[in-house]
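Next up, run.cif (mmCIF, C-alpha atoms and all ligand atoms; chains and numbers go by the auth columns):
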data_model
#
loop_
_atom_site.group_PDB
_atom_site.id
_atom_site.type_symbol
_atom_site.label_atom_id
_atom_site.label_comp_id
_atom_site.label_asym_id
_atom_site.label_seq_id
_atom_site.Cartn_x
_atom_site.Cartn_y
_atom_site.Cartn_z
_atom_site.B_iso_or_equiv
_atom_site.auth_seq_id
_atom_site.auth_asym_id
ATOM 1 C CA MET A 1 6.750 13.938 1.808 0.00 6 I
ATOM 2 C CA GLY A 2 8.889 10.790 2.045 0.00 7 I
ATOM 3 C CA THR A 3 7.842 7.358 3.201 0.00 8 I
ATOM 4 C CA GLU A 4 10.431 6.679 5.910 0.00 9 I
ATOM 5 C CA TRP A 5 7.731 7.053 8.595 0.00 10 I
ATOM 6 C CA MET A 6 6.055 3.875 7.267 0.00 11 I
ATOM 7 C CA ALA A 7 8.703 1.749 9.009 0.00 12 I
ATOM 8 C CA ASP A 8 7.252 2.879 12.345 0.00 13 I
ATOM 9 C CA GLY A 9 3.610 2.261 11.450 0.00 14 I
ATOM 10 C CA LYS A 10 1.686 0.221 14.004 0.00 15 I
ATOM 11 C CA CYS A 11 -0.077 -1.650 11.187 0.00 16 I
ATOM 12 C CA ARG A 12 3.188 -3.415 10.371 0.00 17 I
ATOM 13 C CA ASP A 13 2.454 -5.631 13.395 0.00 18 I
ATOM 14 C CA TYR A 14 -0.803 -6.802 11.785 0.00 19 I
ATOM 15 C CA PRO A 15 -1.674 -8.857 8.700 0.00 20 I
ATOM 16 C CA ALA A 16 -1.356 -7.100 5.356 0.00 21 I
ATOM 17 C CA GLY A 17 -4.653 -5.582 4.371 0.00 22 I
ATOM 18 C CA THR A 18 -5.743 -4.755 7.921 0.00 23 I
ATOM 19 C CA CYS A 19 -5.843 -1.064 7.019 0.00 24 I
ATOM 20 C CA PHE A 20 -7.761 -1.794 3.825 0.00 25 I
ATOM 21 C CA PRO A 21 -10.934 -3.139 5.417 0.00 26 I
ATOM 22 C CA ARG A 22 -13.929 -4.392 3.480 0.00 27 I
ATOM 23 C CA ASP A 23 -16.608 -3.689 6.053 0.00 28 I
ATOM 24 C CA GLY A 24 -17.498 -1.484 8.983 0.00 29 I
ATOM 25 C CA VAL A 25 -16.068 -3.861 11.573 0.00 30 I
ATOM 26 C CA GLY A 26 -12.775 -3.853 9.694 0.00 31 I
ATOM 27 C CA VAL A 27 -12.806 -0.062 9.669 0.00 32 I
ATOM 28 C CA ILE A 28 -13.239 0.039 13.449 0.00 33 I
ATOM 29 C CA ILE A 29 -10.404 -2.455 13.948 0.00 34 I
ATOM 30 C CA ALA A 30 -8.086 -0.474 11.662 0.00 35 I
ATOM 31 C CA GLN A 31 -8.956 2.799 13.372 0.00 36 I
ATOM 32 C CA ARG A 32 -8.164 1.286 16.777 0.00 37 I
ATOM 33 C CA ILE A 33 -4.735 0.277 15.508 0.00 38 I
ATOM 34 C CA CYS A 34 -4.134 3.722 14.035 0.00 39 I
ATOM 35 C CA ALA A 35 -5.130 5.322 17.350 0.00 40 I
ATOM 36 C CA GLN A 36 -1.999 3.768 18.875 0.00 41 I
ATOM 37 C CA CYS A 37 0.285 4.567 15.975 0.00 42 I
ATOM 38 C CA PRO A 38 3.216 6.953 16.532 0.00 43 I
ATOM 39 C CA VAL A 39 3.193 8.110 12.905 0.00 44 I
ATOM 40 C CA ALA A 40 -0.540 8.645 12.427 0.00 45 I
ATOM 41 C CA SER A 41 -0.241 12.330 11.541 0.00 46 I
ATOM 42 C CA GLN A 42 2.442 11.671 8.903 0.00 47 I
ATOM 43 C CA CYS A 43 0.337 8.822 7.550 0.00 48 I
ATOM 44 C CA LEU A 44 -2.741 11.009 7.226 0.00 49 I
ATOM 45 C CA GLU A 45 -0.828 13.842 5.539 0.00 50 I
ATOM 46 C CA TYR A 46 0.773 11.383 3.122 0.00 51 I
ATOM 47 C CA ALA A 47 -2.631 10.040 2.097 0.00 52 I
ATOM 48 C CA LEU A 48 -4.042 13.547 1.719 0.00 53 I
ATOM 49 C CA ASP A 49 -1.035 14.797 -0.281 0.00 54 I
ATOM 50 C CA ASN A 50 -1.208 11.822 -2.612 0.00 55 I
ATOM 51 C CA HIS A 51 -5.010 11.720 -2.886 0.00 56 I
ATOM 52 C CA ILE A 52 -5.100 8.072 -1.844 0.00 57 I
ATOM 53 C CA ASP A 53 -8.653 6.842 -2.177 0.00 58 I
ATOM 54 C CA HIS A 54 -8.613 3.454 -0.492 0.00 59 I
ATOM 55 C CA GLY A 55 -8.011 2.294 3.033 0.00 60 I
ATOM 56 C CA ILE A 56 -7.632 3.771 6.480 0.00 61 I
ATOM 57 C CA TRP A 57 -4.731 6.203 6.746 0.00 62 I
ATOM 58 C CA GLY A 58 -3.913 8.054 9.919 0.00 63 I
ATOM 59 C CA GLY A 59 -7.068 6.602 11.405 0.00 64 I
ATOM 60 C CA ARG A 60 -9.260 8.320 8.825 0.00 65 I
ATOM 61 C CA SER A 61 -11.559 6.617 6.368 0.00 66 I
ATOM 62 C CA GLU A 62 -11.848 7.579 2.704 0.00 67 I
ATOM 63 C CA ARG A 63 -14.936 9.618 3.446 0.00 68 I
ATOM 64 C CA GLU A 64 -13.251 11.409 6.358 0.00 69 I
ATOM 65 C CA ARG A 65 -10.213 12.222 4.206 0.00 70 I
ATOM 66 C CA ARG A 66 -12.444 13.641 1.473 0.00 71 I
ATOM 67 C CA ARG A 67 -14.104 15.804 4.112 0.00 72 I
ATOM 68 C CA ILE A 68 -10.724 17.038 5.397 0.00 73 I
ATOM 69 C CA LEU A 69 -9.613 17.932 1.869 0.00 74 I
ATOM 70 C CA ARG A 70 -12.889 19.741 1.178 0.00 75 I
ATOM 71 C CA GLU A 71 -12.549 21.675 4.435 0.00 76 I
ATOM 72 C CA ARG A 72 -8.933 22.649 3.659 0.00 77 I
ATOM 73 C CA ARG A 73 -9.914 23.795 0.169 0.00 78 I
ATOM 74 C CA ARG A 74 -12.775 25.817 1.611 0.00 79 I
ATOM 75 C CA ARG A 75 -10.432 27.438 4.146 0.00 80 I
ATOM 76 C CA ARG A 76 -7.847 28.226 1.451 0.00 81 I
ATOM 77 C CA ILE A 77 -10.527 29.875 -0.674 0.00 82 I
ATOM 78 C CA SER A 78 -11.850 31.944 2.205 0.00 83 I
ATOM 79 C CA ASN A 79 -8.292 33.005 3.147 0.00 84 I
ATOM 80 C CA THR A 80 -7.708 34.070 -0.453 0.00 85 I
ATOM 81 C CA ASP A 81 -10.967 36.011 -0.456 0.00 86 I
ATOM 82 C CA ALA A 82 -9.923 37.850 2.709 0.00 87 I
ATOM 83 C CA HIS A 83 -6.960 39.466 0.890 0.00 88 I
HETATM 84 S S1 LIG B . -1.788 5.530 11.093 0.00 1 R
HETATM 85 FE FE1 LIG B . -2.668 3.516 10.767 0.00 1 R
HETATM 86 S S2 LIG B . -2.402 3.074 8.578 0.00 1 R
HETATM 87 FE FE2 LIG B . -1.037 4.763 9.120 0.00 1 R
HETATM 88 S S3 LIG B . 0.927 3.802 9.567 0.00 1 R
HETATM 89 FE FE3 LIG B . -0.176 4.046 11.488 0.00 1 R
HETATM 90 S S4 LIG B . -1.280 2.129 11.829 0.00 1 R
HETATM 91 FE FE4 LIG B . -0.635 2.190 9.667 0.00 1 R
#

So, in terms of structure tokens, how does the structure I just supplied come out?
Amino acid sequence: MGTEWMADGKCRDYPAGTCFPRDGVGVIIAQRICAQCPVASQCLEYALDNHIDHGIWGGRSERERRRILRERRRRRISNTDAH
């Protein structure tokens, strides 16, 4: 996946580092910005594809992204088992 979508990211209107919060309040602020972002789905997929550990991407925290990846792996395994 390319990075051309980044030019349309809502976070570009905010100070650098906004989507790399250091506390829970920062996470909430970043997630509110992401909720209005037109490229949130591309952003999330980019972070998942590239196993990016830090920051809020596509409105999802590190922990949420790990959960999504675990769930996708689990689904892939169960689909493989079904064949
Ligand atoms: S989803 Fe959030 S982090 Fe990703 S580009 Fe949009 S505003 Fe930035």

CA of Leu49 (chain I) and CA of Asp28 (chain I), how far apart in Å? 20.2 Å

Written as a ChimeraX atom specification, which residues does the PyMOL selection byres (((not hetatm)) within 8 of (chain R and resi 1)) give for the file shown? /I:10-11,13-17,24,35-36,38-49,60-64

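The gap separating CA of His56 (chain I) from CA of Arg71 (chain I) is 8.8 Å, in Å to one decimal.
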
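With all atoms listed in the file as the atoms that count, the minimum distance from Arg27 (chain I) to the choices I:Arg79, I:Ser66, I:Ile73, I:Met6 is reached by I:Ser66.
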
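In this model, the gap between CA of Tyr51 (chain I) and CA of Arg70 (chain I) comes to 11.1 Å.
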
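With all atoms listed in the file as the basis for measurement, I:Gly22 is the residue among I:Arg37, I:Val30, I:Gly22, I:Ile82 that approaches His59 (chain I) most closely.
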
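For the set I:Glu50, I:Arg65, I:Glu76, I:Ala21, the residue with the smallest atom-to-atom gap to Ile33 (chain I) is I:Arg65, counting all atoms listed in the file.
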